[in-house]
$ cat data29.txt   # compact mmCIF, C-alpha atoms and all ligand atoms
# COMPACT_ATOMS: atom_id res chain seq x y z
CA MET A 1 27.28 -27.90 27.40
CA THR A 2 26.14 -31.39 28.29
CA HIS A 3 24.67 -33.65 25.65
CA ASP A 4 22.89 -35.85 28.10
CA TYR A 5 19.33 -35.36 26.89
CA TYR A 6 17.88 -36.30 30.25
CA ALA A 7 20.08 -33.78 32.04
CA LEU A 8 19.21 -31.12 29.46
CA LEU A 9 15.51 -31.60 30.12
CA GLU A 10 16.14 -31.98 33.86
CA VAL A 11 14.24 -35.26 34.06
CA GLU A 12 15.04 -38.73 35.44
CA ARG A 13 16.04 -41.44 32.98
CA GLY A 14 12.78 -43.23 33.69
CA ALA A 15 10.60 -40.17 33.03
CA ASP A 16 7.42 -40.90 31.10
CA ALA A 17 6.15 -39.06 28.01
CA ALA A 18 4.00 -36.64 30.00
CA GLU A 19 6.90 -35.69 32.27
CA ILE A 20 9.17 -35.12 29.29
CA LYS A 21 6.64 -32.94 27.55
CA LYS A 22 6.00 -30.93 30.70
CA ALA A 23 9.71 -30.45 31.35
CA TYR A 24 10.33 -29.33 27.79
CA ARG A 25 7.46 -26.88 27.85
CA ARG A 26 8.72 -25.30 31.06
CA LEU A 27 12.29 -24.97 29.73
CA ALA A 28 11.19 -23.83 26.28
CA MET A 29 9.18 -21.02 27.81
CA GLN A 30 12.27 -20.07 29.81
CA TRP A 31 14.73 -20.17 26.89
CA HIS A 32 12.55 -19.12 24.00
CA PRO A 33 14.53 -16.48 22.07
CA ASP A 34 11.61 -14.09 22.07
CA ARG A 35 11.30 -14.17 25.83
CA VAL A 36 14.92 -13.53 26.70
CA ALA A 37 16.42 -10.07 27.15
CA SER A 38 18.41 -8.95 24.13
CA GLY A 39 21.91 -9.45 25.62
CA ASP A 40 21.48 -13.17 26.21
CA LYS A 41 19.77 -13.89 22.92
CA GLN A 42 22.48 -16.00 21.35
CA ALA A 43 22.97 -18.17 24.38
CA ALA A 44 19.22 -18.54 24.66
CA GLU A 45 18.93 -19.62 21.04
CA ALA A 46 21.64 -22.23 21.52
CA ARG A 47 19.98 -23.54 24.66
CA PHE A 48 16.56 -23.53 23.03
CA LYS A 49 17.90 -25.62 20.14
CA GLU A 50 19.57 -28.06 22.55
CA ILE A 51 16.50 -28.70 24.64
CA THR A 52 14.33 -28.99 21.54
CA GLU A 53 16.68 -31.58 20.11
CA ALA A 54 16.57 -33.49 23.41
CA TYR A 55 12.78 -33.30 23.41
CA GLU A 56 12.48 -34.50 19.80
CA VAL A 57 14.47 -37.62 20.66
CA LEU A 58 12.98 -38.45 24.04
CA ARG A 59 9.35 -37.94 22.98
CA ASP A 60 9.74 -40.56 20.26
CA PRO A 61 9.85 -44.09 21.75
CA GLU A 62 11.97 -45.47 18.90
CA LYS A 63 14.53 -42.67 18.92
CA ARG A 64 14.60 -42.74 22.70
CA ALA A 65 15.37 -46.47 22.69
CA ALA A 66 18.17 -45.91 20.17
CA TYR A 67 19.56 -43.08 22.29
CA ASP A 68 19.38 -45.15 25.47
CA ARG A 69 21.28 -47.93 23.79
CA TYR A 70 23.83 -46.12 21.62
CA GLY A 71 23.90 -42.56 22.94
CA LEU A 72 24.15 -39.64 20.50
CA ALA A 73 25.52 -41.88 17.76
CA GLY A 74 22.19 -43.70 17.79
CA VAL A 75 20.13 -40.64 16.94
CA ARG A 76 22.35 -38.20 15.03
CA ARG A 77 22.72 -38.88 11.38
CA GLY A 78 25.98 -37.51 10.02
CA GLY A 79 27.23 -36.78 13.52
CA ARG A 80 25.90 -33.24 13.81
CA GLY A 81 22.91 -32.42 15.91
CA GLY A 82 20.94 -29.32 16.62
CA GLY A 83 19.57 -28.18 13.30
CA ASP A 84 18.67 -24.54 12.88
CA LEU A 85 16.65 -22.28 15.07
CA SER A 86 13.61 -22.11 12.83
CA GLU A 87 13.41 -25.90 12.90
CA ALA A 88 13.43 -25.81 16.71
CA LEU A 89 10.77 -23.08 16.70
CA ASN A 90 8.64 -25.15 14.37
CA ILE A 91 8.85 -28.16 16.66
CA PHE A 92 7.78 -26.00 19.56
CA MET A 93 4.96 -24.55 17.48
CA ARG A 94 3.86 -27.99 16.37
CA ASP A 95 3.32 -29.21 19.92
CA PHE A 96 2.46 -26.02 21.74
CA GLY A 97 1.47 -23.51 19.07
CA GLY A 98 -1.94 -22.04 18.47
CA VAL A 99 -2.37 -20.72 22.03
CA GLY A 100 -2.62 -16.99 22.64
CA GLY A 101 -0.69 -15.03 20.07
CA PHE A 102 1.82 -17.74 19.21
CA ASP A 103 1.19 -17.81 15.50
CA ALA A 104 1.66 -14.10 15.11
CA TRP A 105 4.47 -14.29 17.62
CA PHE A 106 6.63 -16.57 15.49
CA GLY A 107 5.43 -15.92 11.99
CA GLY A 108 5.07 -12.17 12.41
CA GLY A 109 7.03 -9.33 10.93
CA GLU A 110 8.02 -8.84 7.33
CA ARG A 111 7.34 -12.38 6.14
CA ALA A 112 3.76 -12.38 7.38
CA ARG A 113 3.16 -8.96 5.88
CA ARG A 114 4.47 -10.10 2.50
CA GLU A 115 2.27 -13.17 2.74
CA ARG A 116 -0.79 -11.04 3.50
CA HIS A 117 -0.02 -8.88 0.52
CA ARG A 118 0.53 -11.75 -1.84
CA GLY A 119 -1.82 -11.93 -4.80
CA GLN A 120 -4.06 -14.87 -5.51
CA ASP A 121 -2.95 -18.02 -7.24
CA LEU A 122 -4.66 -18.58 -10.56
CA LYS A 123 -5.74 -22.06 -11.48
CA VAL A 124 -6.28 -23.22 -15.05
CA THR A 125 -7.05 -26.60 -16.54
CA LEU A 126 -5.07 -27.68 -19.59
CA LYS A 127 -6.65 -30.23 -21.87
CA LEU A 128 -4.01 -32.37 -23.55
CA THR A 129 -4.02 -35.22 -26.02
CA LEU A 130 -1.69 -38.19 -25.69
CA ALA A 131 0.18 -36.96 -28.76
CA GLU A 132 0.82 -33.65 -26.98
CA VAL A 133 2.03 -35.53 -23.92
CA ALA A 134 4.36 -37.56 -26.13
CA SER A 135 5.93 -34.54 -27.79
CA GLY A 136 5.54 -31.78 -25.20
CA THR A 137 3.69 -28.64 -26.21
CA THR A 138 3.01 -24.99 -25.54
CA LYS A 139 -0.53 -24.07 -24.56
CA THR A 140 -2.09 -20.63 -24.60
CA VAL A 141 -4.71 -19.86 -21.97
CA ARG A 142 -6.89 -16.85 -21.38
CA VAL A 143 -7.23 -15.94 -17.69
CA ARG A 144 -9.20 -13.37 -15.76
CA THR A 145 -6.76 -11.72 -13.43
CA LEU A 146 -5.71 -8.35 -12.02
CA ASP A 147 -3.19 -5.86 -13.24
CA ARG A 148 -1.30 -3.11 -11.49
CA CYS A 149 -3.28 0.14 -11.56
CA GLY A 150 -1.56 2.54 -13.93
CA GLU A 151 -3.11 5.58 -12.31
CA CYS A 152 -1.32 5.17 -8.95
CA GLY A 153 1.46 2.80 -10.00
CA GLY A 154 -0.03 0.16 -7.72
CA THR A 155 0.41 2.11 -4.49
CA GLY A 156 -3.33 2.71 -4.05
CA ALA A 157 -2.75 6.38 -3.23
CA ALA A 158 -4.40 9.13 -5.27
CA PRO A 159 -2.09 10.63 -7.90
CA GLY A 160 0.15 13.24 -6.32
CA THR A 161 -0.06 11.62 -2.89
CA LYS A 162 1.83 8.76 -1.26
CA PRO A 163 1.02 6.13 1.35
CA THR A 164 2.24 7.36 4.73
CA THR A 165 3.70 5.44 7.64
CA CYS A 166 1.02 4.23 10.02
CA SER A 167 1.19 6.19 13.28
CA THR A 168 -0.38 3.45 15.42
CA CYS A 169 2.32 0.87 14.76
CA GLY A 170 5.09 3.11 13.46
CA GLY A 171 5.22 1.16 10.21
CA SER A 172 5.87 -2.30 11.64
CA GLY A 173 2.32 -3.46 10.90
CA GLU A 174 1.99 -5.12 14.26
CA VAL A 175 1.14 -4.19 17.81
CA ARG A 176 2.68 -5.90 20.82
CA ARG A 177 1.16 -6.25 24.22
CA ALA A 178 1.74 -8.36 27.29
CA ALA A 179 -0.64 -11.29 27.43
CA ARG A 180 -1.29 -14.15 29.77
CA SER A 181 -1.42 -17.75 28.62
CA LEU A 182 -1.39 -21.26 29.94
CA PHE A 183 2.40 -21.09 30.09
CA GLY A 184 2.68 -17.74 31.84
CA ASP A 185 3.02 -14.18 30.61
CA PHE A 186 4.39 -13.49 27.22
CA LEU A 187 4.43 -10.85 24.57
CA SER A 188 1.52 -11.10 22.17
CA VAL A 189 1.91 -9.68 18.70
CA SER A 190 -1.04 -9.03 16.48
CA SER A 191 -1.74 -7.26 13.28
CA CYS A 192 -2.13 -3.47 13.63
CA PRO A 193 -5.83 -2.52 13.62
CA SER A 194 -5.25 0.88 12.01
CA CYS A 195 -3.42 -0.32 8.89
CA ALA A 196 -4.43 -4.02 8.89
CA GLY A 197 -0.76 -4.96 9.06
CA ASP A 198 0.35 -2.92 6.07
CA GLY A 199 2.51 -0.51 8.04
CA THR A 200 1.32 2.29 5.77
CA VAL A 201 -1.97 4.10 5.36
CA VAL A 202 -3.46 5.74 2.31
CA ALA A 203 -5.15 9.03 3.23
CA ARG A 204 -6.65 9.64 -0.22
CA PRO A 205 -7.25 6.40 -2.13
CA CYS A 206 -6.67 6.32 -5.86
CA PRO A 207 -10.08 6.93 -7.50
CA ARG A 208 -9.38 4.41 -10.26
CA CYS A 209 -8.66 1.33 -8.10
CA GLN A 210 -10.23 2.51 -4.80
CA GLY A 211 -6.92 2.13 -3.04
CA ASP A 212 -6.34 -1.51 -3.94
CA GLY A 213 -3.61 -0.76 -6.46
CA ARG A 214 -5.01 -3.28 -8.98
CA LEU A 215 -7.59 -3.39 -11.75
CA ARG A 216 -9.43 -6.28 -13.37
CA THR A 217 -8.09 -7.50 -16.65
CA GLU A 218 -7.82 -10.52 -18.93
CA LYS A 219 -4.52 -11.91 -20.00
CA THR A 220 -3.19 -14.47 -22.42
CA ILE A 221 -0.55 -16.68 -20.87
CA GLU A 222 1.65 -19.24 -22.59
CA ILE A 223 2.41 -22.40 -20.67
CA ASN A 224 5.16 -24.79 -21.62
CA VAL A 225 4.12 -28.37 -21.05
CA PRO A 226 7.08 -30.75 -20.85
CA ALA A 227 6.79 -34.12 -22.57
CA GLY A 228 5.66 -37.08 -20.50
CA VAL A 229 3.40 -35.32 -17.99
CA ALA A 230 0.62 -37.28 -16.31
CA ASP A 231 -2.86 -36.43 -15.02
CA HIS A 232 -1.72 -36.11 -11.43
CA HIS A 233 1.02 -33.60 -12.30
CA TYR A 234 0.45 -29.91 -12.18
CA LEU A 235 2.60 -27.13 -13.47
CA THR A 236 3.37 -24.10 -11.35
CA MET A 237 4.54 -20.82 -12.84
CA ARG A 238 5.88 -18.76 -9.96
CA GLY A 239 4.73 -15.16 -9.94
CA ALA A 240 2.39 -15.59 -12.92
CA GLY A 241 -0.73 -15.32 -10.75
CA ALA A 242 -2.52 -12.14 -9.73
CA PRO A 243 -0.36 -9.34 -8.31
CA GLY A 244 -0.88 -8.55 -4.61
CA PRO A 245 -2.75 -5.46 -3.47
CA ARG A 246 -0.70 -2.26 -3.24
CA ASN A 247 2.33 -3.67 -5.04
CA GLY A 248 2.37 -6.91 -3.08
CA PRO A 249 4.09 -9.94 -4.62
CA ALA A 250 2.19 -11.91 -7.24
CA GLY A 251 0.67 -15.33 -6.64
CA ASP A 252 1.39 -18.33 -8.85
CA LEU A 253 -0.31 -19.74 -11.89
CA ILE A 254 -1.15 -23.39 -11.38
CA ALA A 255 -2.05 -25.50 -14.38
CA VAL A 256 -3.94 -28.72 -13.68
CA LEU A 257 -3.70 -31.29 -16.46
CA ASP A 258 -6.58 -33.10 -18.06
CA ILE A 259 -5.21 -35.68 -20.46
CA ALA A 260 -7.69 -37.18 -22.90
CA GLU A 261 -7.67 -40.94 -23.28
CA ASP A 262 -6.37 -42.32 -26.53
CA SER A 263 -8.58 -45.27 -27.47
CA ARG A 264 -5.63 -47.06 -29.04
CA PHE A 265 -3.41 -47.13 -25.95
CA GLU A 266 -3.61 -48.05 -22.31
CA ARG A 267 -1.22 -45.96 -20.24
CA HIS A 268 0.88 -47.38 -17.41
CA GLY A 269 3.13 -44.53 -16.30
CA ASP A 270 5.66 -44.11 -19.11
CA ASP A 271 4.67 -47.37 -20.77
CA LEU A 272 1.84 -47.88 -23.23
CA VAL A 273 -0.06 -51.03 -24.06
CA TYR A 274 -1.54 -51.64 -27.49
CA ASP A 275 -3.92 -54.50 -28.29
CA LEU A 276 -3.07 -56.05 -31.66
CA PRO A 277 -5.51 -58.40 -33.40
CA VAL A 278 -3.78 -60.92 -35.67
CA SER A 279 -5.21 -63.66 -37.83
CA PHE A 280 -4.70 -67.32 -37.07
CA THR A 281 -2.26 -67.76 -39.92
CA GLN A 282 -0.22 -64.70 -38.90
CA ALA A 283 -0.04 -66.12 -35.38
CA ALA A 284 0.89 -69.57 -36.60
CA LEU A 285 3.33 -68.63 -39.39
CA GLY A 286 4.70 -65.34 -38.03
CA ALA A 287 4.37 -61.99 -39.83
CA ASP A 288 5.97 -58.60 -40.36
CA LEU A 289 3.42 -56.07 -39.07
CA GLN A 290 3.13 -52.37 -38.36
CA VAL A 291 1.85 -51.13 -34.99
CA PRO A 292 0.78 -47.57 -34.17
CA THR A 293 2.84 -45.57 -31.66
CA PRO A 294 2.50 -41.91 -30.58
CA TYR A 295 5.38 -41.25 -33.00
CA GLY A 296 3.91 -42.93 -36.07
CA ASP A 297 3.83 -46.61 -37.03
CA ALA A 298 6.62 -48.92 -35.99
CA PRO A 299 7.52 -52.37 -37.37
CA LEU A 300 6.85 -55.47 -35.29
CA LYS A 301 8.12 -58.90 -36.17
CA LEU A 302 5.62 -61.48 -35.00
CA PRO A 303 7.38 -64.82 -34.48
CA PRO A 304 5.77 -68.05 -35.68
CA GLY A 305 3.70 -69.74 -32.97
CA THR A 306 2.45 -66.55 -31.31
CA GLN A 307 -0.36 -67.16 -28.80
CA THR A 308 -3.21 -64.95 -27.74
CA GLY A 309 -2.12 -62.86 -24.76
CA MET A 310 1.57 -62.80 -25.66
CA VAL A 311 3.16 -59.40 -25.22
CA TYR A 312 5.92 -57.98 -27.39
CA ARG A 313 7.92 -54.97 -26.34
CA VAL A 314 8.74 -52.16 -28.75
CA ARG A 315 11.51 -50.35 -26.91
CA GLY A 316 11.47 -46.57 -26.55
CA LYS A 317 8.03 -46.10 -28.12
CA GLY A 318 6.25 -45.31 -24.86
CA LEU A 319 6.02 -41.86 -23.30
CA PRO A 320 8.98 -39.64 -22.34
CA LYS A 321 10.15 -39.94 -18.75
CA VAL A 322 9.75 -36.51 -17.15
CA GLY A 323 13.01 -35.19 -15.79
CA GLU A 324 14.90 -38.41 -16.52
CA GLY A 325 15.27 -38.43 -20.27
CA GLY A 326 14.53 -41.47 -22.36
CA ARG A 327 11.16 -43.02 -22.99
CA GLY A 328 9.10 -45.90 -21.74
CA ASP A 329 8.17 -48.84 -23.96
CA LEU A 330 5.19 -49.83 -26.03
CA HIS A 331 3.86 -53.27 -25.12
CA VAL A 332 1.96 -55.00 -27.88
CA ARG A 333 -0.55 -57.51 -26.57
CA VAL A 334 -1.56 -60.02 -29.22
CA HIS A 335 -5.09 -61.34 -29.73
CA VAL A 336 -5.63 -64.09 -32.22
CA TRP A 337 -8.73 -63.25 -34.14
CA THR A 338 -11.05 -66.08 -35.12
CA PRO A 339 -13.07 -65.46 -38.28
CA THR A 340 -16.82 -65.48 -37.71
CA ARG A 341 -17.90 -66.02 -41.28
CA LEU A 342 -16.16 -68.36 -43.66
CA THR A 343 -16.33 -68.60 -47.41
CA ALA A 344 -16.72 -72.07 -48.89
CA GLU A 345 -13.05 -72.06 -49.88
CA GLN A 346 -11.88 -71.05 -46.39
CA ARG A 347 -14.08 -73.66 -44.81
CA ALA A 348 -12.72 -76.38 -47.10
CA LEU A 349 -9.12 -75.40 -46.30
CA LEU A 350 -9.74 -75.34 -42.57
CA GLU A 351 -11.46 -78.72 -42.67
CA GLN A 352 -8.42 -80.04 -44.46
CA LEU A 353 -6.21 -78.51 -41.78
CA ALA A 354 -8.34 -80.06 -39.04
CA GLN A 355 -7.42 -83.49 -40.39
CA VAL A 356 -3.71 -82.90 -39.84
CA GLU A 357 -3.36 -80.44 -36.97
CA GLY A 358 -1.99 -81.51 -33.55
CA GLU A 359 -3.69 -81.34 -30.17
CA PRO A 360 -3.39 -78.08 -28.18
CA PRO A 361 -1.26 -78.43 -25.03
CA ALA A 362 -2.85 -78.86 -21.59
CA GLU A 363 -4.44 -75.56 -20.51
CA GLY A 364 -2.42 -75.18 -17.31
CA ARG A 365 1.02 -75.15 -18.94
CA LEU A 366 0.10 -72.58 -21.56
CA GLY A 367 -1.47 -70.23 -19.01
CA LYS A 368 1.68 -70.33 -16.91
CA GLN A 369 3.88 -69.40 -19.87
CA LEU A 370 1.72 -66.39 -20.67
CA TRP A 371 1.82 -65.08 -17.11
CA GLU A 372 5.55 -65.49 -17.05
CA GLN A 373 5.81 -63.39 -20.20
CA LEU A 374 3.47 -60.68 -18.90
CA ARG A 375 5.42 -60.46 -15.69
CA ARG A 376 8.66 -59.99 -17.65
CA ALA A 377 7.08 -57.40 -19.93
CA PHE A 378 6.19 -55.19 -16.97
CA GLY A 379 9.46 -55.74 -15.20
CA GLY A 380 7.80 -57.53 -12.27
ZN ZN A 401 -4.89 3.10 -8.50
ZN ZN A 402 -0.35 0.25 11.62

$ encode --input "data29.txt" --output "structure tokens" --more "lines below"
Ligand SMILES: [Zn+2]
Ligand SMILES: [Zn+2]
Amino acid sequence: MTHDYYALLEVERGADAAEIKKAYRRLAMQWHPDRVASGDKQAAEARFKEITEAYEVLRDPEKRAAYDRYGLAGVRRGGRGGGDLSEALNIFMRDFGGVGGFDAWFGGGERARRERHRGQDLKVTLKLTLAEVASGTTKTVRVRTLDRCGECGGTGAAPGTKPTTCSTCGGSGEVRRAARSLFGDFLSVSSCPSCAGDGTVVARPCPRCQGDGRLRTEKTIEINVPAGVADHHYLTMRGAGAPGPRNGPAGDLIAVLDIAEDSRFERHGDDLVYDLPVSFTQAALGADLQVPTPYGDAPLKLPPGTQTGMVYRVRGKGLPKVGEGGRGDLHVRVHVWTPTRLTAEQRALLEQLAQVEGEPPAEGRLGKQLWEQLRRAFGG
């Protein structure tokens, strides 16, 4: 088999995008696995994959340029091309799907039937505090959902009876007929009208669930919340949603997170920022202080000469990193607090200090230092 993409699509090297698309469509309709007689199926699949690969490269101006310049080596990562059949079918669907019965044509059969029978997803909102985010927690939620009907065991058939194979479709759940489309004749597949795609029919529905196989109920569900989650995360518990009708597979339970703000901390991903007011003397002389963290207070050594806006990092006292292990940091941003009311004694001491204190540095230099420190604190 040739790997000249132009030869595969039977177009000239100078063919434009419209010609390439047209050529691919014609060949894809010819080699589509569902349109080829059973004996040639494997060869057809191989050919279909080849032409789809050629089309994917030549339709994309960048990939086409790389191919023109370097050949296959320019477009195949890892040396192997092709990909699998479903990928090729998806590409075809993407550009030519949605006409006639194409959706049912490709997605049909067992998978589509399972999907139709799948129960609903349940959505819950979990309210969390920052402390719960820091430690991880287990939440209990009450949900309105459905449960398998005990009367019929979920089949939907009256006790003592069973669902029977649908005679219209012979149990496949779909009916096929020849149809005409833009691309020529093809086989259209649609859901069976007698059984709605189930493949089985219930002659006498279960009186308890009216043939649905499920009954309303309320359930208590426990949800494990890992440490370090954020507002935009959501937790999915596969199969914990409502069961599908007539013993269909269950949907999922999806927990959306609503994390309450903690007035003490500003959150930046895994890092937290805490604003610490200090007095002028603490800033000038240095001090041993305690700062709050989600894990209790932690010591902070304030060096002499601390300025307003300086940021000190307390390592590992931020939030846990989900899936990575370890924790972010707590950044302590210092604000020098100026007293608003002075006692006579304080005033006298400060006036004495004013006699001997030095001039503050030029504004520009100090500002630059602070920015430099902030940038370092946030790893910028
Ligand atoms: Zn029932
Ligand atoms: Zn049927």

$ residues_around --input "data29.txt" --residues "Gly71 of chain A" --least-positions-apart "3" --cutoff "12 Å" --atoms "all atoms listed in the file" --output "JSON list (two decimals) with C-alpha atoms, in the coordinates of the input"
[["chain", "number", "residue", "atom", "x", "y", "z"],
["A", 3, "HIS", "CA", 24.67, -33.65, 25.65],
["A", 4, "ASP", "CA", 22.89, -35.85, 28.10],
["A", 5, "TYR", "CA", 19.33, -35.36, 26.89],
["A", 6, "TYR", "CA", 17.88, -36.30, 30.25],
["A", 54, "ALA", "CA", 16.57, -33.49, 23.41],
["A", 57, "VAL", "CA", 14.47, -37.62, 20.66],
["A", 58, "LEU", "CA", 12.98, -38.45, 24.04],
["A", 63, "LYS", "CA", 14.53, -42.67, 18.92],
["A", 64, "ARG", "CA", 14.60, -42.74, 22.70],
["A", 65, "ALA", "CA", 15.37, -46.47, 22.69],
["A", 66, "ALA", "CA", 18.17, -45.91, 20.17],
["A", 67, "TYR", "CA", 19.56, -43.08, 22.29],
["A", 68, "ASP", "CA", 19.38, -45.15, 25.47],
["A", 74, "GLY", "CA", 22.19, -43.70, 17.79],
["A", 75, "VAL", "CA", 20.13, -40.64, 16.94],
["A", 76, "ARG", "CA", 22.35, -38.20, 15.03],
["A", 79, "GLY", "CA", 27.23, -36.78, 13.52]]

$ residues_around --input "data29.txt" --residues "segment 262-277 of chain A" --least-positions-apart "2" --cutoff "10 Å" --atoms "all atoms listed in the file" --output "mmCIF file with C-alpha atoms, in the coordinates of the input"
data_model
loop_
_atom_site.group_PDB
_atom_site.id
_atom_site.type_symbol
_atom_site.label_atom_id
_atom_site.label_comp_id
_atom_site.auth_asym_id
_atom_site.auth_seq_id
_atom_site.Cartn_x
_atom_site.Cartn_y
_atom_site.Cartn_z
ATOM 1 C CA THR A 129 -4.020 -35.220 -26.020
ATOM 2 C CA LEU A 130 -1.690 -38.190 -25.690
ATOM 3 C CA ALA A 131 0.180 -36.960 -28.760
ATOM 4 C CA ALA A 134 4.360 -37.560 -26.130
ATOM 5 C CA GLY A 228 5.660 -37.080 -20.500
ATOM 6 C CA VAL A 229 3.400 -35.320 -17.990
ATOM 7 C CA ALA A 230 0.620 -37.280 -16.310
ATOM 8 C CA ILE A 259 -5.210 -35.680 -20.460
ATOM 9 C CA ALA A 260 -7.690 -37.180 -22.900
ATOM 10 C CA SER A 279 -5.210 -63.660 -37.830
ATOM 11 C CA PHE A 280 -4.700 -67.320 -37.070
ATOM 12 C CA GLN A 282 -0.220 -64.700 -38.900
ATOM 13 C CA ALA A 283 -0.040 -66.120 -35.380
ATOM 14 C CA LEU A 289 3.420 -56.070 -39.070
ATOM 15 C CA GLN A 290 3.130 -52.370 -38.360
ATOM 16 C CA VAL A 291 1.850 -51.130 -34.990
ATOM 17 C CA PRO A 292 0.780 -47.570 -34.170
ATOM 18 C CA THR A 293 2.840 -45.570 -31.660
ATOM 19 C CA PRO A 294 2.500 -41.910 -30.580
ATOM 20 C CA THR A 308 -3.210 -64.950 -27.740
ATOM 21 C CA GLY A 309 -2.120 -62.860 -24.760
ATOM 22 C CA VAL A 311 3.160 -59.400 -25.220
ATOM 23 C CA TYR A 312 5.920 -57.980 -27.390
ATOM 24 C CA ARG A 313 7.920 -54.970 -26.340
ATOM 25 C CA VAL A 314 8.740 -52.160 -28.750
ATOM 26 C CA ARG A 315 11.510 -50.350 -26.910
ATOM 27 C CA GLY A 316 11.470 -46.570 -26.550
ATOM 28 C CA LYS A 317 8.030 -46.100 -28.120
ATOM 29 C CA GLY A 318 6.250 -45.310 -24.860
ATOM 30 C CA LEU A 319 6.020 -41.860 -23.300
ATOM 31 C CA PRO A 320 8.980 -39.640 -22.340
ATOM 32 C CA LYS A 321 10.150 -39.940 -18.750
ATOM 33 C CA VAL A 322 9.750 -36.510 -17.150
ATOM 34 C CA GLY A 326 14.530 -41.470 -22.360
ATOM 35 C CA ARG A 327 11.160 -43.020 -22.990
ATOM 36 C CA GLY A 328 9.100 -45.900 -21.740
ATOM 37 C CA ASP A 329 8.170 -48.840 -23.960
ATOM 38 C CA LEU A 330 5.190 -49.830 -26.030
ATOM 39 C CA HIS A 331 3.860 -53.270 -25.120
ATOM 40 C CA VAL A 332 1.960 -55.000 -27.880
ATOM 41 C CA ARG A 333 -0.550 -57.510 -26.570
ATOM 42 C CA VAL A 334 -1.560 -60.020 -29.220
ATOM 43 C CA HIS A 335 -5.090 -61.340 -29.730
ATOM 44 C CA VAL A 336 -5.630 -64.090 -32.220
ATOM 45 C CA TRP A 337 -8.730 -63.250 -34.140
ATOM 46 C CA THR A 338 -11.050 -66.080 -35.120
ATOM 47 C CA PHE A 378 6.190 -55.190 -16.970
#

$ residues_near_ligand --input "data29.txt" --ligand "ligand ZN 401 (chain A)" --cutoff "10 Å" --atoms "all atoms listed in the file" --output "list in words"
Arg148, Cys149, Gly150, Glu151, Cys152, Gly153, Gly154, Thr155, Gly156, Ala157, Ala158, Pro159, Pro205, Cys206, Pro207, Arg208, Cys209, Gln210, Gly211, Asp212, Gly213, Arg214, Leu215 and Arg246 of chain A

$ closest_residue --input "data29.txt" --among "A:Lys123, A:Arg69, A:Lys49, A:Arg176" --to "ligand ZN 402 (chain A)" --atoms "all atoms listed in the file"
A:Arg176

$ closest_atom_pairs --input "data29.txt" --of "chain A" --to "ligand ZN 402 (chain A)" --cutoff "7 Å" --atoms "only C-alpha atoms and all ligand atoms" --output "Markdown table"
| residue | atom | partner | partner_atom | distance |
| --- | --- | --- | --- | --- |
| A:Cys166 | CA | A:ZN402 | ZN | 4.5 |
| A:Ser167 | CA | A:ZN402 | ZN | 6.4 |
| A:Thr168 | CA | A:ZN402 | ZN | 5.0 |
| A:Cys169 | CA | A:ZN402 | ZN | 4.2 |
| A:Gly170 | CA | A:ZN402 | ZN | 6.4 |
| A:Gly171 | CA | A:ZN402 | ZN | 5.8 |
| A:Ser172 | CA | A:ZN402 | ZN | 6.7 |
| A:Gly173 | CA | A:ZN402 | ZN | 4.6 |
| A:Glu174 | CA | A:ZN402 | ZN | 6.4 |
| A:Cys192 | CA | A:ZN402 | ZN | 4.6 |
| A:Pro193 | CA | A:ZN402 | ZN | 6.5 |
| A:Ser194 | CA | A:ZN402 | ZN | 5.0 |
| A:Cys195 | CA | A:ZN402 | ZN | 4.1 |
| A:Ala196 | CA | A:ZN402 | ZN | 6.5 |
| A:Gly197 | CA | A:ZN402 | ZN | 5.8 |
| A:Asp198 | CA | A:ZN402 | ZN | 6.4 |
| A:Gly199 | CA | A:ZN402 | ZN | 4.6 |
| A:Thr200 | CA | A:ZN402 | ZN | 6.4 |

$ atom_distance --input "data29.txt" --atom1 "atom CA of Glu261 of chain A" --atom2 "atom CA of Pro226 of chain A"
18.1 Å

$ residues_around --input "data29.txt" --residues "segment 17-34 of chain A" --least-positions-apart "5" --cutoff "6 Å" --atoms "only C-alpha atoms" --output "PyMOL selection string"
chain A and resi 41+44-45+48

$ residues_around --input "data29.txt" --residues "Arg144 of chain A" --least-positions-apart "4" --cutoff "10 Å" --atoms "all atoms listed in the file" --output "list in words"
Leu122, Arg216, Thr217, Glu218, Lys219, Thr220 and Ala242 of chain A

$ atom_distance --input "data29.txt" --atom1 "atom CA of Val124 of chain A" --atom2 "atom CA of Pro243 of chain A"
16.5 Å

$ atom_distance --input "data29.txt" --atom1 "atom CA of Thr165 of chain A" --atom2 "atom CA of Val201 of chain A"
6.3 Å
